[in-house]
Amino acid sequence: MAHAFEAAQLMTTARQKEGLDDFGPLPFAEPLGVLTEDYAQADLNDVGAHVLRSGLVHSLRMRLRAEEWIRRYPEILREEIVAPIVVVGMMRSGTTLVQRLLAADDRFHCAYGWEVVETAPKLDYRWSDPEDPRIVVSEKREAISRELAPELFAIHPMYAREPEEEIVFLSDAFLSHVPESGAHVPRYRSWIDGQDFAPAYAYLHRMLRFLQWQKRMVGATADRWVLKSPAHLGYLDALRAEFGDLHIVHMHRDPRETIPSGAGLNATLHAMHADRVDRHRVGAQWLQRMGWTNDRAMATRDRWPDEATVCTDVAFADAVADPIGQVARVYDAIGLPLTAHAEAAMRRWLANRPREAPRPPYTAGDFGLDDAQIDERFAAYATRFRSDSSSRRPR
């Protein structure tokens, strides 16, 4: 199993599969090396080792393929990502709802599920084809996931044709918290906390340019992006360094609700890769990670003198009760009219959106936690942000 996670061998495999050599100018070898060393020592079963190894090779293949597209079409890097709206917040805080409502407005780009699964098309792809073949591949993956991993799909459904989060690009840079969500990788988990995420966000920026160019090739004309990932919450400074004119929509929900749900997703992912899962360890690590993430987000926002104009805070309860009204607040903040056409598209999405299976009713106790422990860890967050209103409490 250790041999399966040798970084050099993974890179060789990716090169052989793609027939390409150039991984691009952005560094990734060190985080990949730390991650593979931890995976090699992790308590993975054979299926888990195969899945995780295949994921790493896929990431490397996408880097190779993307760089070849950029070599052939250098105008890709002249694409400008202008004033993106970035939805952040803890998992299960309503980030997906708000992102998909905004993405219903055809004035915005988003990354669809099929685009993040295979960001770079095959090099012989013809832009005149009536439908991108990656869509069919992604729909098949969606169907397989529904059938073989129904619990995971219930907790974290990923639809081929719906807007999806762009965390995959941070994962493809091997600087992300994705690995710790699916395996016990203590060294990588500790090491990554002290790392500069600038290369990961530079790679995200590079891939958004690539996606925007692809969209233009098939006639899409939007000027701005709607991005979304809970992962950005701990790296708002790195995010803004890449996208200086961004606007952040920060979603809020009682951590008593979000922590057990996030721990449940992680435990499900761990169980897909290992025969034994310490749910209490998963819970403790998730509580620590989300506390760390929120502390960093609040500290970063404190350093921004223009925070009030850069960030819109939205409570989960308000978004559920009045989704269009809360989205209208975002439009007001960015100075863009919410047109009747855009609002109608949002209402159609609300009426026709995928109906998801009920999620497992996880409790804090399922992961060795209790509500008092969660309240204590998030006391500063609760003081700063109301959980029952979109308004900010005075500091």
# chains A, B, ... in the order shown; residues from 1 in each chain; ligands from 1
>>> residues_around(residues="segment 58-67 of chain A", least_positions_apart="2", cutoff="10 Å", atoms="only C-alpha atoms", output="mmCIF file with all heavy atoms, in the first residue's frame")
data_model
loop_
_atom_site.group_PDB
_atom_site.id
_atom_site.type_symbol
_atom_site.label_atom_id
_atom_site.label_comp_id
_atom_site.auth_asym_id
_atom_site.auth_seq_id
_atom_site.Cartn_x
_atom_site.Cartn_y
_atom_site.Cartn_z
ATOM 1 N N LEU A 10 3.090 8.440 -8.734
ATOM 2 C CA LEU A 10 1.798 9.001 -9.128
ATOM 3 C C LEU A 10 1.974 9.982 -10.281
ATOM 4 O O LEU A 10 1.177 9.994 -11.238
ATOM 5 C CB LEU A 10 1.139 9.696 -7.939
ATOM 6 C CG LEU A 10 0.762 8.812 -6.750
ATOM 7 C CD1 LEU A 10 0.214 9.674 -5.615
ATOM 8 C CD2 LEU A 10 -0.268 7.775 -7.148
ATOM 9 N N MET A 11 3.005 10.801 -10.209
ATOM 10 C CA MET A 11 3.261 11.767 -11.276
ATOM 11 C C MET A 11 3.631 11.058 -12.574
ATOM 12 O O MET A 11 3.182 11.454 -13.661
ATOM 13 C CB MET A 11 4.352 12.736 -10.834
ATOM 14 C CG MET A 11 3.917 13.641 -9.677
ATOM 15 S SD MET A 11 5.284 14.558 -8.923
ATOM 16 C CE MET A 11 5.689 15.680 -10.252
ATOM 17 N N THR A 12 4.407 9.992 -12.456
ATOM 18 C CA THR A 12 4.763 9.219 -13.642
ATOM 19 C C THR A 12 3.526 8.593 -14.274
ATOM 20 O O THR A 12 3.356 8.604 -15.504
ATOM 21 C CB THR A 12 5.779 8.130 -13.282
ATOM 22 O OG1 THR A 12 6.989 8.752 -12.824
ATOM 23 C CG2 THR A 12 6.090 7.243 -14.474
ATOM 24 N N THR A 13 2.657 8.043 -13.443
ATOM 25 C CA THR A 13 1.422 7.440 -13.941
ATOM 26 C C THR A 13 0.572 8.467 -14.681
ATOM 27 O O THR A 13 0.034 8.193 -15.760
ATOM 28 C CB THR A 13 0.618 6.830 -12.783
ATOM 29 O OG1 THR A 13 1.395 5.812 -12.150
ATOM 30 C CG2 THR A 13 -0.694 6.240 -13.274
ATOM 31 N N ALA A 14 0.442 9.664 -14.094
ATOM 32 C CA ALA A 14 -0.350 10.712 -14.733
ATOM 33 C C ALA A 14 0.250 11.104 -16.082
ATOM 34 O O ALA A 14 -0.469 11.269 -17.071
ATOM 35 C CB ALA A 14 -0.442 11.923 -13.809
ATOM 36 N N ARG A 15 1.570 11.242 -16.124
ATOM 37 C CA ARG A 15 2.235 11.589 -17.386
ATOM 38 C C ARG A 15 1.992 10.519 -18.457
ATOM 39 O O ARG A 15 1.719 10.817 -19.620
ATOM 40 C CB ARG A 15 3.739 11.754 -17.150
ATOM 41 C CG ARG A 15 4.142 12.996 -16.376
ATOM 42 C CD ARG A 15 5.662 13.152 -16.391
ATOM 43 N NE ARG A 15 6.114 14.332 -15.679
ATOM 44 C CZ ARG A 15 6.679 14.320 -14.471
ATOM 45 N NH1 ARG A 15 6.832 13.157 -13.829
ATOM 46 N NH2 ARG A 15 7.083 15.441 -13.908
ATOM 47 N N GLN A 16 2.079 9.271 -18.038
ATOM 48 C CA GLN A 16 1.888 8.184 -18.991
ATOM 49 C C GLN A 16 0.459 8.149 -19.518
ATOM 50 O O GLN A 16 0.228 7.920 -20.718
ATOM 51 C CB GLN A 16 2.251 6.852 -18.336
ATOM 52 C CG GLN A 16 3.739 6.687 -18.055
ATOM 53 C CD GLN A 16 4.045 5.458 -17.225
ATOM 54 O OE1 GLN A 16 3.158 4.868 -16.591
ATOM 55 N NE2 GLN A 16 5.322 5.044 -17.228
ATOM 56 N N LYS A 17 -0.500 8.372 -18.656
ATOM 57 C CA LYS A 17 -1.905 8.315 -19.079
ATOM 58 C C LYS A 17 -2.262 9.463 -20.029
ATOM 59 O O LYS A 17 -3.076 9.302 -20.941
ATOM 60 C CB LYS A 17 -2.824 8.333 -17.853
ATOM 61 C CG LYS A 17 -2.844 7.016 -17.082
ATOM 62 C CD LYS A 17 -3.780 7.088 -15.893
ATOM 63 C CE LYS A 17 -3.873 5.739 -15.171
ATOM 64 N NZ LYS A 17 -4.525 4.702 -15.976
ATOM 65 N N GLU A 18 -1.645 10.625 -19.811
ATOM 66 C CA GLU A 18 -1.972 11.788 -20.634
ATOM 67 C C GLU A 18 -1.009 11.978 -21.801
ATOM 68 O O GLU A 18 -1.322 12.706 -22.745
ATOM 69 C CB GLU A 18 -1.990 13.058 -19.760
ATOM 70 C CG GLU A 18 -3.142 13.118 -18.772
ATOM 71 C CD GLU A 18 -4.504 13.155 -19.450
ATOM 72 O OE1 GLU A 18 -4.643 13.836 -20.500
ATOM 73 O OE2 GLU A 18 -5.430 12.496 -18.952
ATOM 74 N N GLY A 19 0.162 11.381 -21.733
ATOM 75 C CA GLY A 19 1.159 11.618 -22.768
ATOM 76 C C GLY A 19 1.686 13.038 -22.732
ATOM 77 O O GLY A 19 2.064 13.605 -23.766
ATOM 78 N N LEU A 20 1.711 13.629 -21.554
ATOM 79 C CA LEU A 20 2.141 15.012 -21.365
ATOM 80 C C LEU A 20 3.133 15.072 -20.207
ATOM 81 O O LEU A 20 3.164 14.180 -19.351
ATOM 82 C CB LEU A 20 0.936 15.916 -21.061
ATOM 83 C CG LEU A 20 -0.154 15.975 -22.139
ATOM 84 C CD1 LEU A 20 -1.398 16.660 -21.593
ATOM 85 C CD2 LEU A 20 0.354 16.712 -23.383
ATOM 86 N N ASP A 21 3.908 16.164 -20.148
ATOM 87 C CA ASP A 21 4.950 16.279 -19.129
ATOM 88 C C ASP A 21 4.851 17.520 -18.256
ATOM 89 O O ASP A 21 5.407 17.550 -17.157
ATOM 90 C CB ASP A 21 6.336 16.299 -19.790
ATOM 91 C CG ASP A 21 6.696 14.965 -20.418
ATOM 92 O OD1 ASP A 21 6.505 13.939 -19.752
ATOM 93 O OD2 ASP A 21 7.154 14.958 -21.581
ATOM 94 N N ASP A 22 4.183 18.572 -18.712
ATOM 95 C CA ASP A 22 4.233 19.867 -18.040
ATOM 96 C C ASP A 22 3.083 20.015 -17.045
ATOM 97 O O ASP A 22 1.921 20.102 -17.440
ATOM 98 C CB ASP A 22 4.172 20.983 -19.087
ATOM 99 C CG ASP A 22 4.315 22.371 -18.473
ATOM 100 O OD1 ASP A 22 4.598 22.466 -17.259
ATOM 101 O OD2 ASP A 22 4.129 23.354 -19.229
ATOM 102 N N PHE A 23 3.433 20.069 -15.755
ATOM 103 C CA PHE A 23 2.421 20.263 -14.715
ATOM 104 C C PHE A 23 2.134 21.740 -14.453
ATOM 105 O O PHE A 23 1.308 22.065 -13.605
ATOM 106 C CB PHE A 23 2.875 19.604 -13.406
ATOM 107 C CG PHE A 23 2.780 18.106 -13.417
ATOM 108 C CD1 PHE A 23 3.925 17.329 -13.529
ATOM 109 C CD2 PHE A 23 1.559 17.467 -13.321
ATOM 110 C CE1 PHE A 23 3.844 15.940 -13.540
ATOM 111 C CE2 PHE A 23 1.469 16.080 -13.326
ATOM 112 C CZ PHE A 23 2.617 15.312 -13.439
ATOM 113 N N GLY A 24 2.820 22.634 -15.130
ATOM 114 C CA GLY A 24 2.565 24.051 -14.954
ATOM 115 C C GLY A 24 3.511 24.701 -13.972
ATOM 116 O O GLY A 24 4.296 24.033 -13.289
ATOM 117 N N PRO A 25 3.429 26.038 -13.855
ATOM 118 C CA PRO A 25 4.410 26.785 -13.078
ATOM 119 C C PRO A 25 4.150 26.837 -11.574
ATOM 120 O O PRO A 25 5.046 27.222 -10.817
ATOM 121 C CB PRO A 25 4.315 28.187 -13.680
ATOM 122 C CG PRO A 25 2.881 28.298 -14.100
ATOM 123 C CD PRO A 25 2.503 26.930 -14.596
ATOM 124 N N PHE A 28 3.493 22.415 -6.273
ATOM 125 C CA PHE A 28 2.576 21.466 -5.644
ATOM 126 C C PHE A 28 3.296 20.246 -5.084
ATOM 127 O O PHE A 28 2.703 19.437 -4.361
ATOM 128 C CB PHE A 28 1.511 20.991 -6.647
ATOM 129 C CG PHE A 28 2.063 20.125 -7.736
ATOM 130 C CD1 PHE A 28 2.115 18.743 -7.586
ATOM 131 C CD2 PHE A 28 2.550 20.670 -8.921
ATOM 132 C CE1 PHE A 28 2.631 17.937 -8.588
ATOM 133 C CE2 PHE A 28 3.056 19.875 -9.919
ATOM 134 C CZ PHE A 28 3.103 18.498 -9.759
ATOM 135 N N LEU A 52 -8.507 6.735 -3.241
ATOM 136 C CA LEU A 52 -7.724 7.927 -2.943
ATOM 137 C C LEU A 52 -6.547 8.075 -3.897
ATOM 138 O O LEU A 52 -6.224 9.181 -4.337
ATOM 139 C CB LEU A 52 -7.259 7.893 -1.487
ATOM 140 C CG LEU A 52 -8.384 7.968 -0.452
ATOM 141 C CD1 LEU A 52 -7.843 7.783 0.960
ATOM 142 C CD2 LEU A 52 -9.132 9.302 -0.561
ATOM 143 N N ARG A 53 -5.894 6.948 -4.217
ATOM 144 C CA ARG A 53 -4.795 7.018 -5.172
ATOM 145 C C ARG A 53 -5.304 7.472 -6.537
ATOM 146 O O ARG A 53 -4.689 8.320 -7.190
ATOM 147 C CB ARG A 53 -4.120 5.648 -5.309
ATOM 148 C CG ARG A 53 -2.923 5.655 -6.255
ATOM 149 C CD ARG A 53 -2.362 4.263 -6.473
ATOM 150 N NE ARG A 53 -1.141 4.306 -7.279
ATOM 151 C CZ ARG A 53 -1.113 4.418 -8.602
ATOM 152 N NH1 ARG A 53 -2.248 4.490 -9.278
ATOM 153 N NH2 ARG A 53 0.044 4.459 -9.252
ATOM 154 N N SER A 54 -6.426 6.930 -6.965
ATOM 155 C CA SER A 54 -6.993 7.323 -8.256
ATOM 156 C C SER A 54 -7.341 8.808 -8.271
ATOM 157 O O SER A 54 -7.169 9.486 -9.292
ATOM 158 C CB SER A 54 -8.241 6.490 -8.560
ATOM 159 O OG SER A 54 -7.918 5.113 -8.676
ATOM 160 N N GLY A 55 -7.807 9.314 -7.145
ATOM 161 C CA GLY A 55 -8.124 10.731 -7.051
ATOM 162 C C GLY A 55 -6.900 11.611 -7.223
ATOM 163 O O GLY A 55 -6.944 12.652 -7.895
ATOM 164 N N LEU A 56 -5.788 11.197 -6.621
ATOM 165 C CA LEU A 56 -4.553 11.960 -6.778
ATOM 166 C C LEU A 56 -4.072 11.940 -8.227
ATOM 167 O O LEU A 56 -3.647 12.968 -8.773
ATOM 168 C CB LEU A 56 -3.472 11.398 -5.860
ATOM 169 C CG LEU A 56 -3.732 11.484 -4.354
ATOM 170 C CD1 LEU A 56 -2.593 10.813 -3.584
ATOM 171 C CD2 LEU A 56 -3.894 12.934 -3.901
ATOM 172 N N TRP A 69 -3.705 22.768 -22.727
ATOM 173 C CA TRP A 69 -4.661 23.697 -23.330
ATOM 174 C C TRP A 69 -4.126 25.123 -23.276
ATOM 175 O O TRP A 69 -4.237 25.882 -24.249
ATOM 176 C CB TRP A 69 -6.015 23.614 -22.612
ATOM 177 C CG TRP A 69 -6.896 22.492 -23.072
ATOM 178 C CD1 TRP A 69 -7.136 21.317 -22.420
ATOM 179 C CD2 TRP A 69 -7.656 22.432 -24.276
ATOM 180 N NE1 TRP A 69 -7.992 20.530 -23.143
ATOM 181 C CE2 TRP A 69 -8.343 21.196 -24.292
ATOM 182 C CE3 TRP A 69 -7.830 23.303 -25.348
ATOM 183 C CZ2 TRP A 69 -9.175 20.817 -25.334
ATOM 184 C CZ3 TRP A 69 -8.673 22.935 -26.393
ATOM 185 C CH2 TRP A 69 -9.324 21.700 -26.377
ATOM 186 N N ILE A 70 -3.541 25.499 -22.127
ATOM 187 C CA ILE A 70 -3.007 26.855 -21.977
ATOM 188 C C ILE A 70 -1.825 27.066 -22.923
ATOM 189 O O ILE A 70 -1.660 28.149 -23.495
ATOM 190 C CB ILE A 70 -2.613 27.098 -20.508
ATOM 191 C CG1 ILE A 70 -3.885 27.162 -19.629
ATOM 192 C CG2 ILE A 70 -1.795 28.380 -20.359
ATOM 193 C CD1 ILE A 70 -3.610 27.136 -18.144
ATOM 194 N N ARG A 71 -1.008 26.042 -23.114
ATOM 195 C CA ARG A 71 0.115 26.168 -24.056
ATOM 196 C C ARG A 71 -0.401 26.405 -25.470
ATOM 197 O O ARG A 71 0.145 27.232 -26.212
ATOM 198 C CB ARG A 71 0.973 24.898 -24.019
ATOM 199 C CG ARG A 71 2.255 24.995 -24.853
ATOM 200 C CD ARG A 71 2.931 23.649 -25.016
ATOM 201 N NE ARG A 71 2.166 22.726 -25.855
ATOM 202 C CZ ARG A 71 2.144 22.770 -27.183
ATOM 203 N NH1 ARG A 71 2.852 23.689 -27.850
ATOM 204 N NH2 ARG A 71 1.430 21.884 -27.877
ATOM 205 N N ARG A 72 -1.464 25.688 -25.823
ATOM 206 C CA ARG A 72 -1.997 25.825 -27.176
ATOM 207 C C ARG A 72 -2.760 27.134 -27.361
ATOM 208 O O ARG A 72 -2.791 27.686 -28.466
ATOM 209 C CB ARG A 72 -2.934 24.647 -27.486
ATOM 210 C CG ARG A 72 -2.238 23.302 -27.534
ATOM 211 C CD ARG A 72 -3.234 22.198 -27.906
ATOM 212 N NE ARG A 72 -2.604 20.877 -27.919
ATOM 213 C CZ ARG A 72 -3.216 19.769 -28.327
ATOM 214 N NH1 ARG A 72 -4.473 19.841 -28.767
ATOM 215 N NH2 ARG A 72 -2.580 18.602 -28.302
ATOM 216 N N TYR A 73 -3.392 27.602 -26.293
ATOM 217 C CA TYR A 73 -4.216 28.808 -26.373
ATOM 218 C C TYR A 73 -3.818 29.769 -25.256
ATOM 219 O O TYR A 73 -4.508 29.878 -24.237
ATOM 220 C CB TYR A 73 -5.702 28.451 -26.278
ATOM 221 C CG TYR A 73 -6.164 27.500 -27.359
ATOM 222 C CD1 TYR A 73 -6.178 26.118 -27.131
ATOM 223 C CD2 TYR A 73 -6.574 27.975 -28.595
ATOM 224 C CE1 TYR A 73 -6.583 25.245 -28.133
ATOM 225 C CE2 TYR A 73 -6.987 27.105 -29.600
ATOM 226 C CZ TYR A 73 -6.987 25.746 -29.357
ATOM 227 O OH TYR A 73 -7.388 24.890 -30.348
ATOM 228 N N PRO A 74 -2.707 30.462 -25.402
ATOM 229 C CA PRO A 74 -2.214 31.332 -24.316
ATOM 230 C C PRO A 74 -3.172 32.451 -23.953
ATOM 231 O O PRO A 74 -3.057 33.038 -22.868
ATOM 232 C CB PRO A 74 -0.891 31.881 -24.878
ATOM 233 C CG PRO A 74 -0.948 31.649 -26.352
ATOM 234 C CD PRO A 74 -1.783 30.441 -26.558
ATOM 235 N N VAL A 117 -15.729 17.984 -12.085
ATOM 236 C CA VAL A 117 -15.304 16.586 -12.151
ATOM 237 C C VAL A 117 -14.185 16.404 -13.171
ATOM 238 O O VAL A 117 -13.214 15.682 -12.930
ATOM 239 C CB VAL A 117 -16.500 15.672 -12.494
ATOM 240 C CG1 VAL A 117 -16.023 14.282 -12.886
ATOM 241 C CG2 VAL A 117 -17.442 15.574 -11.288
ATOM 242 N N GLU A 118 -14.309 17.060 -14.313
ATOM 243 C CA GLU A 118 -13.283 16.961 -15.355
ATOM 244 C C GLU A 118 -13.089 18.350 -15.967
ATOM 245 O O GLU A 118 -13.680 18.683 -16.992
ATOM 246 C CB GLU A 118 -13.680 15.942 -16.423
ATOM 247 C CG GLU A 118 -12.550 15.610 -17.381
ATOM 248 C CD GLU A 118 -12.903 14.487 -18.349
ATOM 249 O OE1 GLU A 118 -14.020 13.932 -18.234
ATOM 250 O OE2 GLU A 118 -12.067 14.156 -19.195
ATOM 251 N N THR A 119 -12.275 19.140 -15.299
ATOM 252 C CA THR A 119 -12.139 20.549 -15.671
ATOM 253 C C THR A 119 -11.591 20.720 -17.075
ATOM 254 O O THR A 119 -12.039 21.598 -17.831
ATOM 255 C CB THR A 119 -11.213 21.261 -14.664
ATOM 256 O OG1 THR A 119 -11.698 21.016 -13.350
ATOM 257 C CG2 THR A 119 -11.150 22.743 -14.943
ATOM 258 N N ALA A 120 -10.613 19.916 -17.433
ATOM 259 C CA ALA A 120 -9.974 20.041 -18.743
ATOM 260 C C ALA A 120 -10.536 18.994 -19.692
ATOM 261 O O ALA A 120 -10.434 17.791 -19.434
ATOM 262 C CB ALA A 120 -8.466 19.868 -18.609
ATOM 263 N N PRO A 121 -11.124 19.416 -20.804
ATOM 264 C CA PRO A 121 -11.607 18.420 -21.777
ATOM 265 C C PRO A 121 -10.439 17.701 -22.437
ATOM 266 O O PRO A 121 -9.288 18.146 -22.377
ATOM 267 C CB PRO A 121 -12.373 19.268 -22.791
ATOM 268 C CG PRO A 121 -11.781 20.628 -22.688
ATOM 269 C CD PRO A 121 -11.354 20.788 -21.259
ATOM 270 N N LYS A 122 -10.744 16.584 -23.063
ATOM 271 C CA LYS A 122 -9.708 15.882 -23.815
ATOM 272 C C LYS A 122 -9.198 16.784 -24.933
ATOM 273 O O LYS A 122 -9.915 17.651 -25.441
ATOM 274 C CB LYS A 122 -10.257 14.569 -24.374
ATOM 275 C CG LYS A 122 -10.576 13.558 -23.274
ATOM 276 C CD LYS A 122 -11.092 12.254 -23.846
ATOM 277 C CE LYS A 122 -11.365 11.242 -22.727
ATOM 278 N NZ LYS A 122 -11.902 9.959 -23.254
ATOM 279 N N LEU A 123 -7.966 16.576 -25.307
ATOM 280 C CA LEU A 123 -7.306 17.506 -26.218
ATOM 281 C C LEU A 123 -7.864 17.469 -27.638
ATOM 282 O O LEU A 123 -7.626 18.389 -28.419
ATOM 283 C CB LEU A 123 -5.800 17.226 -26.229
ATOM 284 C CG LEU A 123 -5.121 17.449 -24.869
ATOM 285 C CD1 LEU A 123 -3.679 16.986 -24.922
ATOM 286 C CD2 LEU A 123 -5.220 18.897 -24.430
ATOM 287 N N VAL A 168 -12.545 21.630 -5.467
ATOM 288 C CA VAL A 168 -11.713 20.675 -6.207
ATOM 289 C C VAL A 168 -10.417 21.311 -6.675
ATOM 290 O O VAL A 168 -9.376 20.645 -6.736
ATOM 291 C CB VAL A 168 -12.502 20.094 -7.401
ATOM 292 C CG1 VAL A 168 -12.794 21.156 -8.441
ATOM 293 C CG2 VAL A 168 -11.738 18.938 -8.045
ATOM 294 N N PHE A 169 -10.421 22.606 -6.955
ATOM 295 C CA PHE A 169 -9.207 23.241 -7.453
ATOM 296 C C PHE A 169 -8.177 23.421 -6.341
ATOM 297 O O PHE A 169 -6.969 23.363 -6.592
ATOM 298 C CB PHE A 169 -9.539 24.567 -8.121
ATOM 299 C CG PHE A 169 -10.503 24.413 -9.265
ATOM 300 C CD1 PHE A 169 -11.650 25.176 -9.343
ATOM 301 C CD2 PHE A 169 -10.272 23.474 -10.254
ATOM 302 C CE1 PHE A 169 -12.543 25.024 -10.387
ATOM 303 C CE2 PHE A 169 -11.165 23.302 -11.309
ATOM 304 C CZ PHE A 169 -12.301 24.079 -11.369
ATOM 305 N N SER A 171 -8.063 21.259 -3.874
ATOM 306 C CA SER A 171 -7.649 19.868 -3.711
ATOM 307 C C SER A 171 -6.644 19.464 -4.778
ATOM 308 O O SER A 171 -5.683 18.737 -4.497
ATOM 309 C CB SER A 171 -8.884 18.960 -3.772
ATOM 310 O OG SER A 171 -8.545 17.612 -3.597
ATOM 311 N N ASP A 172 -6.824 19.961 -5.997
ATOM 312 C CA ASP A 172 -5.899 19.643 -7.081
ATOM 313 C C ASP A 172 -4.536 20.309 -6.871
ATOM 314 O O ASP A 172 -3.553 19.918 -7.498
ATOM 315 C CB ASP A 172 -6.473 20.085 -8.425
ATOM 316 C CG ASP A 172 -7.584 19.162 -8.906
ATOM 317 O OD1 ASP A 172 -7.818 18.119 -8.274
ATOM 318 O OD2 ASP A 172 -8.232 19.489 -9.925
ATOM 319 N N ALA A 173 -4.492 21.324 -6.010
ATOM 320 C CA ALA A 173 -3.224 21.943 -5.642
ATOM 321 C C ALA A 173 -2.599 21.230 -4.440
ATOM 322 O O ALA A 173 -1.499 21.582 -4.016
ATOM 323 C CB ALA A 173 -3.427 23.425 -5.326
ATOM 324 N N PHE A 174 -3.329 20.243 -3.881
ATOM 325 C CA PHE A 174 -2.885 19.434 -2.738
ATOM 326 C C PHE A 174 -2.687 20.284 -1.487
ATOM 327 O O PHE A 174 -1.976 19.885 -0.564
ATOM 328 C CB PHE A 174 -1.628 18.622 -3.092
ATOM 329 C CG PHE A 174 -1.784 17.864 -4.376
ATOM 330 C CD1 PHE A 174 -1.130 18.266 -5.528
ATOM 331 C CD2 PHE A 174 -2.642 16.780 -4.451
ATOM 332 C CE1 PHE A 174 -1.317 17.595 -6.734
ATOM 333 C CE2 PHE A 174 -2.843 16.100 -5.639
ATOM 334 C CZ PHE A 174 -2.164 16.507 -6.788
ATOM 335 N N TYR A 203 -3.836 28.704 -8.193
ATOM 336 C CA TYR A 203 -4.295 27.638 -9.088
ATOM 337 C C TYR A 203 -5.800 27.746 -9.325
ATOM 338 O O TYR A 203 -6.282 27.551 -10.456
ATOM 339 C CB TYR A 203 -3.947 26.273 -8.499
ATOM 340 C CG TYR A 203 -4.227 25.134 -9.448
ATOM 341 C CD1 TYR A 203 -3.425 24.933 -10.566
ATOM 342 C CD2 TYR A 203 -5.301 24.271 -9.246
ATOM 343 C CE1 TYR A 203 -3.691 23.898 -11.463
ATOM 344 C CE2 TYR A 203 -5.570 23.237 -10.126
ATOM 345 C CZ TYR A 203 -4.757 23.055 -11.236
ATOM 346 O OH TYR A 203 -5.023 22.044 -12.114
ATOM 347 N N ARG A 206 -6.265 30.389 -11.871
ATOM 348 C CA ARG A 206 -5.854 29.892 -13.182
ATOM 349 C C ARG A 206 -6.951 29.025 -13.799
ATOM 350 O O ARG A 206 -7.269 29.134 -14.994
ATOM 351 C CB ARG A 206 -4.565 29.102 -13.012
ATOM 352 C CG ARG A 206 -3.789 28.769 -14.283
ATOM 353 C CD ARG A 206 -2.487 28.074 -13.903
ATOM 354 N NE ARG A 206 -1.618 27.784 -15.045
ATOM 355 C CZ ARG A 206 -0.755 28.636 -15.574
ATOM 356 N NH1 ARG A 206 -0.640 29.857 -15.041
ATOM 357 N NH2 ARG A 206 0.000 28.292 -16.599
ATOM 358 N N MET A 207 -7.543 28.148 -12.985
ATOM 359 C CA MET A 207 -8.576 27.257 -13.507
ATOM 360 C C MET A 207 -9.879 27.992 -13.796
ATOM 361 O O MET A 207 -10.619 27.615 -14.725
ATOM 362 C CB MET A 207 -8.820 26.106 -12.520
ATOM 363 C CG MET A 207 -7.665 25.118 -12.430
ATOM 364 S SD MET A 207 -7.220 24.356 -14.040
ATOM 365 C CE MET A 207 -5.798 25.361 -14.510
ATOM 366 N N PHE A 210 -9.443 29.367 -17.117
ATOM 367 C CA PHE A 210 -9.581 28.286 -18.093
ATOM 368 C C PHE A 210 -11.059 27.955 -18.322
ATOM 369 O O PHE A 210 -11.516 27.808 -19.463
ATOM 370 C CB PHE A 210 -8.803 27.068 -17.597
ATOM 371 C CG PHE A 210 -8.796 25.886 -18.515
ATOM 372 C CD1 PHE A 210 -8.851 26.035 -19.888
ATOM 373 C CD2 PHE A 210 -8.725 24.595 -17.994
ATOM 374 C CE1 PHE A 210 -8.837 24.933 -20.737
ATOM 375 C CE2 PHE A 210 -8.707 23.494 -18.824
ATOM 376 C CZ PHE A 210 -8.768 23.659 -20.202
ATOM 377 N N LEU A 211 -11.817 27.857 -17.244
ATOM 378 C CA LEU A 211 -13.247 27.579 -17.384
ATOM 379 C C LEU A 211 -13.969 28.710 -18.086
ATOM 380 O O LEU A 211 -14.859 28.470 -18.921
ATOM 381 C CB LEU A 211 -13.871 27.339 -16.003
ATOM 382 C CG LEU A 211 -13.750 25.943 -15.404
ATOM 383 C CD1 LEU A 211 -14.433 25.894 -14.051
ATOM 384 C CD2 LEU A 211 -14.351 24.891 -16.331
#
>>> select_by_dssp(residues="segment 34-107 of chain A", states="helix (DSSP H, G or I)", output="ChimeraX atom specification")
/A:34-41,46-72,74-78,95-103
>>> residues_around(residues="segment 98-114 of chain A", least_positions_apart="4", cutoff="8 Å", atoms="only C-alpha atoms", output="MDAnalysis selection string")
chainID A and resid 87 94 118:119 134:135 137:139 158:166 211:212 221:228 319 323 327 341:343 345:346 349:350
>>> residues_around(residues="Asp245 of chain A", least_positions_apart="6", cutoff="10 Å", atoms="only C-alpha atoms", output="PyMOL selection string")
chain A and resi 81-85+310
>>> write_last_selection(atoms="N, CA, C and O atoms", output="compact mmCIF listing (two decimals), in the first residue's frame")
# COMPACT_ATOMS: atom_id res chain seq x y z
N ILE A 81 -11.11 37.56 -14.30
CA ILE A 81 -12.18 37.17 -13.37
C ILE A 81 -12.56 38.42 -12.59
O ILE A 81 -11.83 38.87 -11.71
N VAL A 82 -13.70 38.99 -12.93
CA VAL A 82 -14.09 40.31 -12.43
C VAL A 82 -15.10 40.19 -11.30
O VAL A 82 -16.15 39.55 -11.45
N ALA A 83 -14.78 40.79 -10.17
CA ALA A 83 -15.71 41.00 -9.05
C ALA A 83 -16.58 39.78 -8.73
O ALA A 83 -17.81 39.86 -8.75
N PRO A 84 -15.97 38.65 -8.44
CA PRO A 84 -16.79 37.46 -8.12
C PRO A 84 -17.54 37.62 -6.80
O PRO A 84 -17.09 38.30 -5.88
N ILE A 85 -18.69 36.99 -6.74
CA ILE A 85 -19.42 36.85 -5.48
C ILE A 85 -19.04 35.49 -4.91
O ILE A 85 -19.17 34.47 -5.60
N VAL A 310 -17.63 44.90 1.87
CA VAL A 310 -17.12 43.70 1.20
C VAL A 310 -17.93 42.46 1.57
O VAL A 310 -18.00 41.51 0.79
>>> closest_residue(among="A:Glu131, A:Ser229, A:Arg256, A:Val249", to="Gln373 of chain A", atoms="only C-alpha atoms")
A:Arg256
>>> select_by_dssp(residues="segment 46-140 of chain A", states="strand (DSSP E or B)", output="ChimeraX atom specification")
/A:82-88,108-109,112
>>> atom_distance(atom1="atom CA of Val218 of chain A", atom2="atom CA of His205 of chain A")
20.4 Å
